[in-house]
$ cat run.txt   # compact mmCIF, C-alpha atoms
# COMPACT_ATOMS: atom_id res chain seq x y z
CA MET D 1 -73.69 -89.22 25.26
CA SER D 2 -73.47 -92.27 23.05
CA ASN D 3 -70.68 -94.77 23.15
CA LYS D 4 -69.88 -94.11 19.46
CA ARG D 5 -69.54 -90.38 20.03
CA THR D 6 -67.31 -90.89 23.07
CA LYS D 7 -65.06 -93.18 21.06
CA HIS D 8 -64.97 -90.63 18.21
CA TYR D 9 -63.98 -87.81 20.56
CA LEU D 10 -61.29 -89.92 22.23
CA ILE D 11 -59.76 -90.94 18.89
CA THR D 12 -59.97 -87.37 17.54
CA GLY D 13 -58.33 -86.01 20.68
CA LEU D 14 -55.61 -88.65 20.59
CA LEU D 15 -54.87 -88.07 16.90
CA SER D 16 -54.73 -84.32 17.55
CA ILE D 17 -52.37 -84.57 20.52
CA LEU D 18 -50.15 -87.39 19.22
CA PRO D 19 -48.16 -85.37 16.62
CA ILE D 20 -47.48 -82.61 19.16
CA ALA D 21 -46.54 -85.06 21.90
CA LEU D 22 -44.28 -87.10 19.62
CA THR D 23 -42.60 -83.94 18.30
CA TYR D 24 -41.99 -82.77 21.87
CA TRP D 25 -40.66 -86.20 22.87
CA ILE D 26 -38.32 -86.45 19.86
CA ILE D 27 -36.97 -82.91 20.37
CA LEU D 28 -36.46 -83.63 24.09
CA LYS D 29 -34.67 -86.93 23.36
CA LEU D 30 -32.47 -85.24 20.73
CA PHE D 31 -31.63 -82.41 23.14
CA HIS D 32 -30.65 -84.88 25.87
CA TYR D 33 -28.75 -87.05 23.39
CA PHE D 34 -26.73 -84.12 22.08
CA SER D 35 -26.21 -82.47 25.46
CA TYR D 36 -25.07 -85.60 27.33
CA PRO D 37 -21.41 -85.80 26.20
CA GLY D 38 -20.66 -82.14 26.81
CA SER D 39 -22.70 -81.92 30.01
CA LYS D 40 -20.53 -84.61 31.61
CA ILE D 41 -17.42 -82.54 30.85
CA VAL D 42 -19.01 -79.37 32.26
CA ALA D 43 -20.29 -81.24 35.35
CA ILE D 44 -16.79 -82.57 36.07
CA ILE D 45 -15.25 -79.11 35.76
CA PHE D 46 -17.84 -77.23 37.83
CA THR D 47 -18.98 -80.12 40.10
CA ASN D 48 -21.91 -78.85 42.23
CA HIS D 49 -21.41 -75.08 41.95
CA VAL D 50 -23.90 -74.49 39.14
CA PRO D 51 -27.63 -75.13 38.65
CA LYS D 52 -28.60 -78.43 37.01
CA TYR D 53 -29.59 -76.89 33.64
CA VAL D 54 -26.22 -75.16 33.10
CA PRO D 55 -24.23 -78.37 32.39
CA GLU D 56 -26.97 -79.58 30.04
CA LEU D 57 -27.09 -76.29 28.12
CA ALA D 58 -23.30 -75.99 28.03
CA GLY D 59 -23.09 -79.64 27.01
CA PHE D 60 -25.56 -79.05 24.21
CA ILE D 61 -23.46 -76.11 22.96
CA LEU D 62 -20.23 -78.16 23.24
CA THR D 63 -21.79 -81.08 21.37
CA LEU D 64 -23.14 -78.81 18.61
CA SER D 65 -19.68 -77.25 18.36
CA PHE D 66 -18.16 -80.73 18.01
CA ILE D 67 -20.65 -81.57 15.24
CA TYR D 68 -19.86 -78.25 13.50
CA PHE D 69 -16.10 -78.79 13.62
CA THR D 70 -16.57 -82.38 12.43
CA GLY D 71 -18.45 -80.95 9.44
CA ILE D 72 -15.55 -78.59 8.76
CA LEU D 73 -13.08 -81.48 8.98
CA ILE D 74 -15.08 -83.75 6.67
CA SER D 75 -15.47 -80.93 4.13
CA ASN D 76 -11.74 -80.95 3.32
CA VAL D 77 -9.69 -83.57 1.47
CA LEU D 78 -8.03 -85.17 4.50
CA GLY D 79 -11.31 -85.33 6.40
CA LYS D 80 -13.04 -87.01 3.45
CA GLN D 81 -10.31 -89.66 3.36
CA ILE D 82 -10.63 -90.30 7.11
CA TYR D 83 -14.42 -90.48 6.78
CA SER D 84 -14.13 -92.88 3.83
CA TRP D 85 -11.74 -95.11 5.78
CA PHE D 86 -14.08 -95.16 8.79
CA GLU D 87 -17.05 -95.90 6.52
CA LYS D 88 -15.22 -98.89 4.97
CA ILE D 89 -14.67 -100.31 8.45
CA LEU D 90 -18.38 -99.93 9.31
CA LEU D 91 -19.41 -101.61 6.06
CA ARG D 92 -17.39 -104.72 6.97
CA ILE D 93 -19.22 -105.36 10.25
CA PRO D 94 -22.19 -107.72 9.61
CA VAL D 95 -25.21 -106.17 11.39
CA ILE D 96 -23.88 -102.63 11.57
CA ASN D 97 -23.38 -102.44 7.80
CA THR D 98 -27.09 -103.03 7.16
CA VAL D 99 -28.16 -100.38 9.64
CA TYR D 100 -25.53 -97.93 8.42
CA ARG D 101 -26.40 -98.40 4.73
CA THR D 102 -30.08 -97.87 5.42
CA ILE D 103 -29.52 -94.69 7.42
CA LYS D 104 -26.98 -93.45 4.87
CA GLN D 105 -29.45 -94.02 2.02
CA ILE D 106 -32.24 -92.19 3.84
CA THR D 107 -30.06 -89.21 4.71
CA SER D 108 -28.61 -89.07 1.20
CA ASN D 109 -32.09 -89.08 -0.35
CA LEU D 110 -33.33 -86.36 1.98
CA SER D 111 -30.30 -84.08 1.81
CA GLY D 112 -28.47 -84.87 -1.43
CA PRO D 113 -28.19 -82.36 -4.26
CA ASN D 114 -30.16 -84.57 -6.69
CA ARG D 115 -32.85 -85.52 -4.22
CA GLN D 116 -36.22 -86.40 -5.62
CA ALA D 117 -37.85 -87.45 -2.36
CA PHE D 118 -41.05 -85.70 -1.34
CA LYS D 119 -41.27 -83.49 -4.44
CA ARG D 120 -44.65 -84.81 -5.58
CA VAL D 121 -47.87 -85.74 -3.85
CA VAL D 122 -49.99 -88.57 -5.26
CA PHE D 123 -53.06 -90.62 -4.40
CA ILE D 124 -52.54 -94.38 -4.19
CA GLU D 125 -55.07 -97.11 -3.68
CA TYR D 126 -54.00 -98.36 -0.26
CA PRO D 127 -54.55 -100.24 2.14
CA ARG D 128 -57.27 -101.95 0.06
CA LYS D 129 -59.24 -101.50 -3.13
CA GLY D 130 -61.55 -98.48 -3.02
CA ILE D 131 -59.57 -96.67 -0.29
CA TRP D 132 -57.32 -93.86 -1.55
CA THR D 133 -54.44 -92.50 0.51
CA LEU D 134 -52.45 -89.30 0.09
CA SER D 135 -48.74 -90.17 -0.34
CA MET D 136 -45.40 -88.54 -1.05
CA VAL D 137 -43.24 -89.81 -3.90
CA THR D 138 -39.88 -90.94 -2.53
CA GLY D 139 -38.65 -92.71 -5.67
CA GLU D 140 -39.81 -94.37 -8.85
CA SER D 141 -39.39 -97.82 -10.36
CA LYS D 142 -40.58 -99.65 -13.47
CA ASN D 143 -42.30 -102.98 -13.82
CA LYS D 144 -41.51 -105.71 -16.42
CA ASN D 145 -43.43 -103.81 -19.10
CA GLY D 146 -41.45 -100.62 -18.52
CA GLU D 147 -44.40 -98.81 -16.95

$ encode --input "run.txt" --output "structure tokens"
Amino acid sequence: MSNKRTKHYLITGLLSILPIALTYWIILKLFHYFSYPGSKIVAIIFTNHVPKYVPELAGFILTLSFIYFTGILISNVLGKQIYSWFEKILLRIPVINTVYRTIKQITSNLSGPNRQAFKRVVFIEYPRKGIWTLSMVTGESKNKNGE
């Protein structure tokens, strides 16, 4: 087998497995992230009388419940005022405000009612002249000539 073919097969295999592996890793990290707060509560209550996965699963359910009830709270007038007050505090902190604004803008574009992100697919000439790449439109802007 030639060296070129081996390299091709390795790259093809890696590019095939990478999306699946990254998806698995992200889902696993999100599960652990969301189950951690509640699992600590469950572990304290039940100490060592339950299998290891029970506190994690119960913690995940508790954390999702917390997120759900936070959504209910923020959906009413008082909750919106509390959220707005908390947001104003975050926007006054130097480094945090940049991170928060960026994340807020991304989530607003992806979930907002007037979202335009990812509605059209286009070809752009990138990364260099003669190479065309499939891209998703996330927004539009105009140059000096109004084009």

$ residues_around --input "run.txt" --residues "Val42 in chain D" --least-positions-apart "4" --cutoff "7 Å" --atoms "only C-alpha atoms" --output "list in words"
Gly38, Phe46, Pro55, Ala58 and Gly59 of chain D

$ closest_residue --input "run.txt" --among "D:His32, D:Lys80, D:Lys7, D:Arg101" --to "Leu57 in chain D" --atoms "all atoms listed in the file"
D:His32

$ closest_residue --input "run.txt" --among "D:Ile103, D:Thr23, D:Ile67, D:Arg5" --to "Ser35 in chain D" --atoms "all atoms listed in the file"
D:Ile67

$ atom_distance --input "run.txt" --atom1 "CA of Pro37 in chain D" --atom2 "CA of Phe60 in chain D"
8.2 Å

$ residues_around --input "run.txt" --residues "Thr133 in chain D" --least-positions-apart "4" --cutoff "10 Å" --atoms "all atoms listed in the file" --output "list in words"
Val122, Phe123, Ile124, Glu125, Tyr126, Pro127 and Arg128 of chain D

$ atom_distance --input "run.txt" --atom1 "CA of Glu87 in chain D" --atom2 "CA of Thr102 in chain D"
13.2 Å

$ atom_distance --input "run.txt" --atom1 "CA of Leu62 in chain D" --atom2 "CA of Phe34 in chain D"
8.9 Å

$ decode --input "run.txt" --residues "range 48-109 of chain D" --atoms "C-alpha atoms" --output "PDB file, in the first residue's frame"
ATOM      1  CA  ASN D  48     -23.646   5.730  49.848  1.00  0.00           C
ATOM      2  CA  HIS D  49     -26.952   3.835  49.708  1.00  0.00           C
ATOM      3  CA  VAL D  50     -27.544   4.198  45.966  1.00  0.00           C
ATOM      4  CA  PRO D  51     -25.597   3.237  42.822  1.00  0.00           C
ATOM      5  CA  LYS D  52     -23.284   5.895  41.357  1.00  0.00           C
ATOM      6  CA  TYR D  53     -25.517   6.713  38.357  1.00  0.00           C
ATOM      7  CA  VAL D  54     -28.603   7.518  40.479  1.00  0.00           C
ATOM      8  CA  PRO D  55     -27.268  10.826  41.893  1.00  0.00           C
ATOM      9  CA  GLU D  56     -26.127  11.880  38.407  1.00  0.00           C
ATOM     10  CA  LEU D  57     -29.490  11.069  36.816  1.00  0.00           C
ATOM     11  CA  ALA D  58     -31.437  12.642  39.680  1.00  0.00           C
ATOM     12  CA  GLY D  59     -29.093  15.629  39.555  1.00  0.00           C
ATOM     13  CA  PHE D  60     -29.690  15.996  35.836  1.00  0.00           C
ATOM     14  CA  ILE D  61     -33.462  15.958  36.421  1.00  0.00           C
ATOM     15  CA  LEU D  62     -33.158  18.466  39.297  1.00  0.00           C
ATOM     16  CA  THR D  63     -30.986  20.773  37.198  1.00  0.00           C
ATOM     17  CA  LEU D  64     -33.365  20.593  34.221  1.00  0.00           C
ATOM     18  CA  SER D  65     -36.230  21.346  36.612  1.00  0.00           C
ATOM     19  CA  PHE D  66     -34.317  24.377  37.903  1.00  0.00           C
ATOM     20  CA  ILE D  67     -33.761  25.593  34.326  1.00  0.00           C
ATOM     21  CA  TYR D  68     -37.465  25.053  33.543  1.00  0.00           C
ATOM     22  CA  PHE D  69     -38.647  26.989  36.594  1.00  0.00           C
ATOM     23  CA  THR D  70     -36.132  29.746  35.830  1.00  0.00           C
ATOM     24  CA  GLY D  71     -37.725  29.979  32.379  1.00  0.00           C
ATOM     25  CA  ILE D  72     -41.157  30.283  33.986  1.00  0.00           C
ATOM     26  CA  LEU D  73     -39.875  33.012  36.325  1.00  0.00           C
ATOM     27  CA  ILE D  74     -38.207  35.008  33.545  1.00  0.00           C
ATOM     28  CA  SER D  75     -41.354  34.778  31.398  1.00  0.00           C
ATOM     29  CA  ASN D  76     -43.333  36.985  33.796  1.00  0.00           C
ATOM     30  CA  VAL D  77     -42.978  40.711  34.495  1.00  0.00           C
ATOM     31  CA  LEU D  78     -41.148  40.450  37.822  1.00  0.00           C
ATOM     32  CA  GLY D  79     -38.750  37.839  36.457  1.00  0.00           C
ATOM     33  CA  LYS D  80     -37.942  40.022  33.438  1.00  0.00           C
ATOM     34  CA  GLN D  81     -37.108  42.922  35.763  1.00  0.00           C
ATOM     35  CA  ILE D  82     -34.839  40.717  37.905  1.00  0.00           C
ATOM     36  CA  TYR D  83     -33.166  39.348  34.769  1.00  0.00           C
ATOM     37  CA  SER D  84     -32.682  42.870  33.385  1.00  0.00           C
ATOM     38  CA  TRP D  85     -31.145  44.029  36.670  1.00  0.00           C
ATOM     39  CA  PHE D  86     -28.762  41.040  36.722  1.00  0.00           C
ATOM     40  CA  GLU D  87     -27.861  41.651  33.071  1.00  0.00           C
ATOM     41  CA  LYS D  88     -26.987  45.306  33.815  1.00  0.00           C
ATOM     42  CA  ILE D  89     -24.607  44.146  36.542  1.00  0.00           C
ATOM     43  CA  LEU D  90     -22.895  41.690  34.152  1.00  0.00           C
ATOM     44  CA  LEU D  91     -22.528  44.383  31.486  1.00  0.00           C
ATOM     45  CA  ARG D  92     -20.581  46.597  33.919  1.00  0.00           C
ATOM     46  CA  ILE D  93     -17.849  44.020  34.593  1.00  0.00           C
ATOM     47  CA  PRO D  94     -14.959  44.558  32.109  1.00  0.00           C
ATOM     48  CA  VAL D  95     -14.078  41.094  30.720  1.00  0.00           C
ATOM     49  CA  ILE D  96     -17.368  39.409  31.533  1.00  0.00           C
ATOM     50  CA  ASN D  97     -19.371  41.980  29.560  1.00  0.00           C
ATOM     51  CA  THR D  98     -17.546  41.097  26.328  1.00  0.00           C
ATOM     52  CA  VAL D  99     -18.082  37.377  26.789  1.00  0.00           C
ATOM     53  CA  TYR D 100     -21.693  37.862  27.847  1.00  0.00           C
ATOM     54  CA  ARG D 101     -22.539  40.174  24.925  1.00  0.00           C
ATOM     55  CA  THR D 102     -21.029  37.746  22.437  1.00  0.00           C
ATOM     56  CA  ILE D 103     -22.916  34.748  23.816  1.00  0.00           C
ATOM     57  CA  LYS D 104     -26.118  36.791  24.091  1.00  0.00           C
ATOM     58  CA  GLN D 105     -25.812  37.899  20.456  1.00  0.00           C
ATOM     59  CA  ILE D 106     -25.231  34.346  19.238  1.00  0.00           C
ATOM     60  CA  THR D 107     -28.161  32.928  21.191  1.00  0.00           C
ATOM     61  CA  SER D 108     -30.427  35.790  20.121  1.00  0.00           C
ATOM     62  CA  ASN D 109     -29.558  35.257  16.457  1.00  0.00           C
TER      63      ASN D 109
END
